[in-house]
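The structure under discussion appears below in the form of structure tokens.
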Amino acid sequence: MNLTSDQQILWQHGWVKLNGTVATTWVMMAVMAVGAKLVTRKLVTEGAISRWQGSLEIVVTGIEGQIKEVGLDRPERYLAFLGTLFLFVATASLCTVIPGFKPPTGSLSTTAALALCVFIAVPLFGIREQGWGGYLKTYTTPTFIMLPFNIISEFSRTLALAVRLFGNMMSGVMIIAILLTITPYIFPIAMTALGLLTGMVQAYIFSILAAVYIAAATRVRKPMPRPPAKASAAH
Amino acid sequence: MLIDWFTVAAQALNFIILVWLLKHFLYKPILNAIDSREKRIAAELADANAKKAEAQKDRDEFQEKNRVFDEQRAALLGKASDEANAERGRIVGDAHKEADSLRANQEKALRNDLASLGSEITRKASEEVFGIARKALTDLATVSLEVRMGEVFTRRLRQMDGKAKETLAGAIRASSDPVVVRSAFAMPADQRAAIQNALNETFSAEVRVRFETATGILCGVELSANGQKVGWSIAEYLGSLDRKVGALIDAQSGPADRPAPKPEPAGTPSVESGVPAGAK
């Protein structure tokens with residue numbers, strides 16, 4: 001039994017290979033991109049809007065609102081990255097209802113790639129907001145002693161991101177596969193519904209954690225106001 | 001191994017491509033549409049606010065104009081009402097005056113008619129009454145009645161007041177002709193003598209007297225000298241009755257129409273100038 005779709009090799013030429021993970025990712029990308037294009041090619045700004053446009057506006061403004069709630073003052077700067085993270089993971093989870101479809105997020109390679117993207121994006125956003133000095137200074141706060149712990153924290157949270165998403169998605173798919181062999185009728189449907197919920201929660205958690213990391217890296221720390229000198233000291 | 005690093009790289013690249021695709025096909029158009037709509041809504045709201053402000057301004061201006069118009073209307077209405085009241089008062093006053101004038105004219109005409117009618121009636125009645133009386137007295141008159149009248153004339157002549165006596169005495173003295181005594185019937189000699197004596201005694205002189213018989217005198221005696229006349233006859237009573245009847249009619253039709261006649265005692269000799277007693 002294949003744990004991930006990475007092992008489903010569809011085409012290979014040397015070290016270049018096309019496995020199931022990449023293929024399903026391409027399918028998802030095509031569906032998302034074409035669907036978005038189809039909906040947004042007939043956007044209207046006056047009068048009644050279409051249901052698809054309304055749905056996409058709800059999704060986009062909802063993501064924007066969540067980013068703002070995390071603490072990022074200009075959510076439009078991070079909307080593309082964080083929104084795509086959420087939509088990609090959520091779409092992959094949603095596609096688990098398709099029989100025989102193995103979501104790419106059930107592959108540790110995919111989750112690791114997403115975690116790596118977050119790992120690279122956080123310092124990029126931080127440097128863009130605070131500059132090199134400002135960003136690097138965050139590793140030495142509150143004291144210089146925290147530098148190694150902050151570096152370890154960067155790697156560990158990236159690893160945690162990848163493994164958490166992979167474990168949840170893979171476990172859901174595995175449980176459904178196992179239940180299909182044991183009780184093939186009703187119970188897998190309930191577990192599929194539960195997997196949908198879990199997948200949506202994981203998409204939310206992944207993107208919110210990424211937003212929190214970016215917010216932590218981009219937030220400019222203001223110096224604490226000093227307490228006023230006591231009047232008695234002058235005497 | 002669970003991680004295939006080629007797949008990791010490929011998925012990372014795929015993710016970056018997906019980010020680019022969704023940014024251009026989803027986020028940008030959707031955000032642009034939302035921004036455009038928000039701008040349009042904001043513009044419409046601003047326009048609505050401007051229109052609302054303008055409408056409020058127009059409303060205030062309209063209300064101000066209405067207030068001014070109401071005040072002007074009230075002022076004009078009050079002025080027109082005052083003018084109408086004044087005009088009505090004037091017209092009513094004129095109508096009252098005209099009505100009073102008409103009524104006065106009508107009353108005057110009515111009074112005149114009434115007076116004319118009364119006068120005519122009186123005249124006719126007097127004529128009839130006097131005609132009847134004259135007829136009756138003429139029928140009843142006899143020599144003895146004339147004699148009695150002569151006696152009464154003589155007594156009244158003796159009882160004349162001083163002024164009438166002086167007036168008549170002056171006339172007798174001034175006249176060259178004898179005093180004329182007229183009667184309806186021929187007087188007997190003794191009565192003529194009694195009148196002659198009464199005249200002589202009254203005026204203390206020898207008065208020349210000429211006795212005449214006149215049909216115009218209605219049962220009475222009349223003395224005339226140089227335009228002055230003294231008489232006593234039934235016609236005097238009738239004349240007195242005529243005046244009293246006229247005064248009574250005047251009192252009933254209106255005191256202003258005719259002056260109230262002075263009461264005159266009937267049956268007393270009167271001295272008049274140039275008017276025959278029988279013509280009265």
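Chain lettering (A, B, ...) mirrors the order of the structure tokens, residue numbering begins at 1 for each chain separately, and ligand numbering begins at 1 in order of display.
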_To test your reading of the structure, identify every residue in stretch 28-255 of chain B that backbone DSSP assigns to strand (DSSP E or B), and report it as a ChimeraX atom specification._
/B:179-183,209-213,220-225,228-233
What are the closest atom pairs, with distances in Å to one decimal, for each residue of chain B lying within 8 Å of chain A, using only C-alpha atoms, rows by chain and rising residue number, as a tab-separated table?
```
residue	atom	partner	partner_atom	distance
B:Leu2	CA	A:Leu108	CA	6.2
B:Ile3	CA	A:Ser109	CA	4.9
B:Asp4	CA	A:Ser109	CA	5.8
B:Trp5	CA	A:Ser109	CA	6.9
B:Phe6	CA	A:Val16	CA	7.6
B:Thr7	CA	A:Ser109	CA	6.0
B:Val8	CA	A:Ser109	CA	4.7
B:Ala9	CA	A:Ala113	CA	6.7
B:Ala10	CA	A:Val22	CA	7.2
B:Gln11	CA	A:Thr110	CA	5.7
B:Ala12	CA	A:Ala113	CA	4.9
B:Asn14	CA	A:Thr25	CA	7.6
B:Phe15	CA	A:Leu114	CA	7.5
B:Leu18	CA	A:Met29	CA	6.2
B:Val19	CA	A:Thr84	CA	5.7
B:Trp20	CA	A:Ala80	CA	7.7
B:Leu21	CA	A:Ala33	CA	6.1
B:Leu22	CA	A:Ala33	CA	6.2
B:Lys23	CA	A:Ala80	CA	5.5
B:Phe25	CA	A:Lys37	CA	5.1
B:Leu26	CA	A:Ala36	CA	5.3
B:Tyr27	CA	A:Val60	CA	6.9
B:Pro29	CA	A:Thr40	CA	6.2
B:Ile30	CA	A:Glu57	CA	6.3
B:Leu31	CA	A:Val60	CA	8.0
B:Ala33	CA	A:Thr45	CA	5.8
B:Ile34	CA	A:Thr45	CA	7.3
B:Ser36	CA	A:Thr45	CA	6.5
B:Arg37	CA	A:Thr45	CA	5.1
```
*Counting only C-alpha atoms, which of A:Val27, A:Met200, A:Val97, A:Ala217 gets nearest to A:Leu165?*
A:Met200
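From atom CA of B:Gly150 back to atom CA of B:Met187, the distance works out to 8.2 Å.
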Residue contacts of stretch 156-158 of chain B (12 Å, only C-alpha atoms) excluding same-chain residues fewer than 6 positions away, as a compact mmCIF listing (two decimals) with N, CA, C and O atoms, in the first residue's frame:
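Final file, around38.txt:
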```txt
# COMPACT_ATOMS: atom_id res chain seq x y z
N MET B 149 -129.11 137.65 16.94
CA MET B 149 -127.71 137.84 16.55
C MET B 149 -127.30 139.28 16.70
O MET B 149 -126.18 139.60 17.11
N GLY B 150 -128.17 140.14 16.30
CA GLY B 150 -127.88 141.56 16.45
C GLY B 150 -127.63 141.90 17.91
O GLY B 150 -126.75 142.71 18.23
N ALA B 164 -108.49 146.45 19.96
CA ALA B 164 -109.40 146.31 18.82
C ALA B 164 -110.29 147.54 18.71
O ALA B 164 -110.57 148.02 17.61
N LYS B 165 -110.66 148.00 19.87
CA LYS B 165 -111.52 149.19 19.84
C LYS B 165 -110.78 150.39 19.25
O LYS B 165 -111.32 151.13 18.43
N LEU B 168 -110.36 149.98 15.46
CA LEU B 168 -111.60 150.22 14.73
C LEU B 168 -112.00 151.71 14.80
O LEU B 168 -112.50 152.28 13.83
N ALA B 169 -111.76 152.32 15.96
CA ALA B 169 -112.08 153.75 16.09
C ALA B 169 -111.25 154.57 15.12
O ALA B 169 -111.76 155.52 14.48
N ALA B 194 -130.37 150.00 18.12
CA ALA B 194 -129.54 149.45 19.21
C ALA B 194 -128.08 149.36 18.78
O ALA B 194 -127.17 149.73 19.54
N ILE B 195 -127.84 148.97 17.53
CA ILE B 195 -126.46 148.89 17.03
C ILE B 195 -125.85 150.27 16.91
O ILE B 195 -124.70 150.52 17.28
N GLN B 196 -126.70 151.26 16.42
CA GLN B 196 -126.21 152.63 16.31
C GLN B 196 -125.81 153.16 17.69
O GLN B 196 -124.76 153.79 17.86
N ASN B 197 -126.69 152.88 18.69
CA ASN B 197 -126.37 153.33 20.04
C ASN B 197 -125.12 152.67 20.59
O ASN B 197 -124.30 153.31 21.24
N ALA B 198 -125.02 151.39 20.31
CA ALA B 198 -123.83 150.66 20.82
C ALA B 198 -122.57 151.23 20.20
O ALA B 198 -121.55 151.42 20.91
N LEU B 199 -122.64 151.58 18.92
CA LEU B 199 -121.46 152.15 18.27
C LEU B 199 -121.14 153.51 18.84
O LEU B 199 -119.97 153.85 19.11
N ASN B 200 -122.18 154.33 18.99
CA ASN B 200 -121.96 155.66 19.53
C ASN B 200 -121.36 155.60 20.92
O ASN B 200 -120.45 156.35 21.27
N GLU B 201 -121.87 154.65 21.72
CA GLU B 201 -121.37 154.55 23.10
C GLU B 201 -119.95 153.96 23.14
O GLU B 201 -119.12 154.40 23.92
N THR B 202 -119.76 153.04 22.25
CA THR B 202 -118.44 152.38 22.28
C THR B 202 -117.34 153.32 21.84
O THR B 202 -116.28 153.40 22.48
N PHE B 203 -117.60 154.06 20.79
CA PHE B 203 -116.56 154.93 20.25
C PHE B 203 -116.73 156.37 20.69
O PHE B 203 -115.97 157.24 20.20
N SER B 204 -117.78 156.60 21.52
CA SER B 204 -118.01 157.94 22.09
C SER B 204 -118.09 159.00 21.00
O SER B 204 -117.45 160.08 21.07
N VAL B 221 -123.85 139.21 11.64
CA VAL B 221 -123.78 140.63 11.42
C VAL B 221 -122.33 141.01 11.23
O VAL B 221 -121.45 140.46 11.91
N GLU B 222 -122.08 141.97 10.31
CA GLU B 222 -120.70 142.34 10.02
C GLU B 222 -120.63 143.85 9.87
O GLU B 222 -121.49 144.46 9.25
N LEU B 223 -119.52 144.39 10.47
CA LEU B 223 -119.33 145.83 10.41
C LEU B 223 -118.00 146.10 9.74
O LEU B 223 -117.00 145.47 10.09
N LYS B 229 -112.70 145.45 9.75
CA LYS B 229 -113.95 144.72 9.74
C LYS B 229 -114.16 144.05 11.09
O LYS B 229 -113.24 143.47 11.66
N VAL B 230 -115.41 144.16 11.59
CA VAL B 230 -115.81 143.48 12.82
C VAL B 230 -117.07 142.72 12.51
O VAL B 230 -117.98 143.26 11.92
N GLY B 231 -117.08 141.42 12.86
CA GLY B 231 -118.27 140.66 12.53
C GLY B 231 -118.51 139.53 13.50
O GLY B 231 -117.62 139.13 14.26
N TRP B 232 -119.68 139.14 13.46
CA TRP B 232 -120.03 137.94 14.21
C TRP B 232 -121.11 137.25 13.43
O TRP B 232 -122.13 137.83 13.08
N SER B 233 -120.80 135.96 13.13
CA SER B 233 -121.78 135.19 12.37
C SER B 233 -121.55 133.71 12.64
O SER B 233 -120.54 133.31 13.24
N GLY B 267 -116.96 132.53 18.12
CA GLY B 267 -118.08 133.39 18.46
C GLY B 267 -117.72 134.77 18.98
O GLY B 267 -118.55 135.47 19.48
N THR B 268 -116.41 135.14 18.83
CA THR B 268 -116.02 136.48 19.26
C THR B 268 -115.81 137.32 18.04
O THR B 268 -115.33 136.85 17.00
N PRO B 269 -116.16 138.55 18.09
CA PRO B 269 -115.95 139.41 16.93
C PRO B 269 -114.48 139.61 16.68
O PRO B 269 -113.69 139.72 17.60
N SER B 270 -114.11 139.61 15.42
CA SER B 270 -112.70 139.76 15.07
C SER B 270 -112.55 140.95 14.16
O SER B 270 -113.43 141.27 13.38
N VAL B 271 -111.40 141.61 14.29
CA VAL B 271 -111.12 142.75 13.44
C VAL B 271 -110.11 142.33 12.41
O VAL B 271 -109.02 141.89 12.73
```
_Would you pick out the contacts of A:Gly131 at 12 Å or less, using only C-alpha atoms, so that residues sharing its chain but fewer than 5 positions from it are not included, and give the list as a PyMOL selection string?_
chain A and resi 123-126+136-138+217-220
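Checking B:Arg208, B:Arg173, B:Arg148, B:Lys97 one by one against B:Gln191, counting only C-alpha atoms, you find the shortest gap at B:Arg148.
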Counting only C-alpha atoms, which residues of stretch 82-169 of chain A fall within 7 Å of stretch 203-213 of chain A, and what is the closest atom pair for each with its distance in Å at one decimal, ordered by chain and rising number, as a tab-separated table?
```
residue	atom	partner	partner_atom	distance
A:Leu82	CA	A:Ser207	CA	5.8
A:Leu85	CA	A:Ser207	CA	5.9
A:Phe86	CA	A:Ala203	CA	5.2
A:Val89	CA	A:Ala203	CA	5.1
A:Ala90	CA	A:Ala203	CA	5.3
A:Val118	CA	A:Ala210	CA	6.3
A:Val122	CA	A:Tyr213	CA	6.5
A:Leu161	CA	A:Phe206	CA	6.8
```
Once you have the residues from the selection above, write them out as a tab-separated table (two decimals), in the first residue's frame, restricted to C-alpha atoms.
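File result.tsv, as written:
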```
chain	number	residue	atom	x	y	z
A	82	LEU	CA	-1.56	33.14	2.28
A	85	LEU	CA	-1.91	28.38	0.73
A	86	PHE	CA	-5.42	28.18	2.17
A	89	VAL	CA	-4.92	22.95	0.98
A	90	ALA	CA	-8.68	23.42	1.16
A	118	VAL	CA	6.57	29.53	4.25
A	122	VAL	CA	8.61	34.71	6.26
A	161	LEU	CA	3.96	22.72	9.60
```
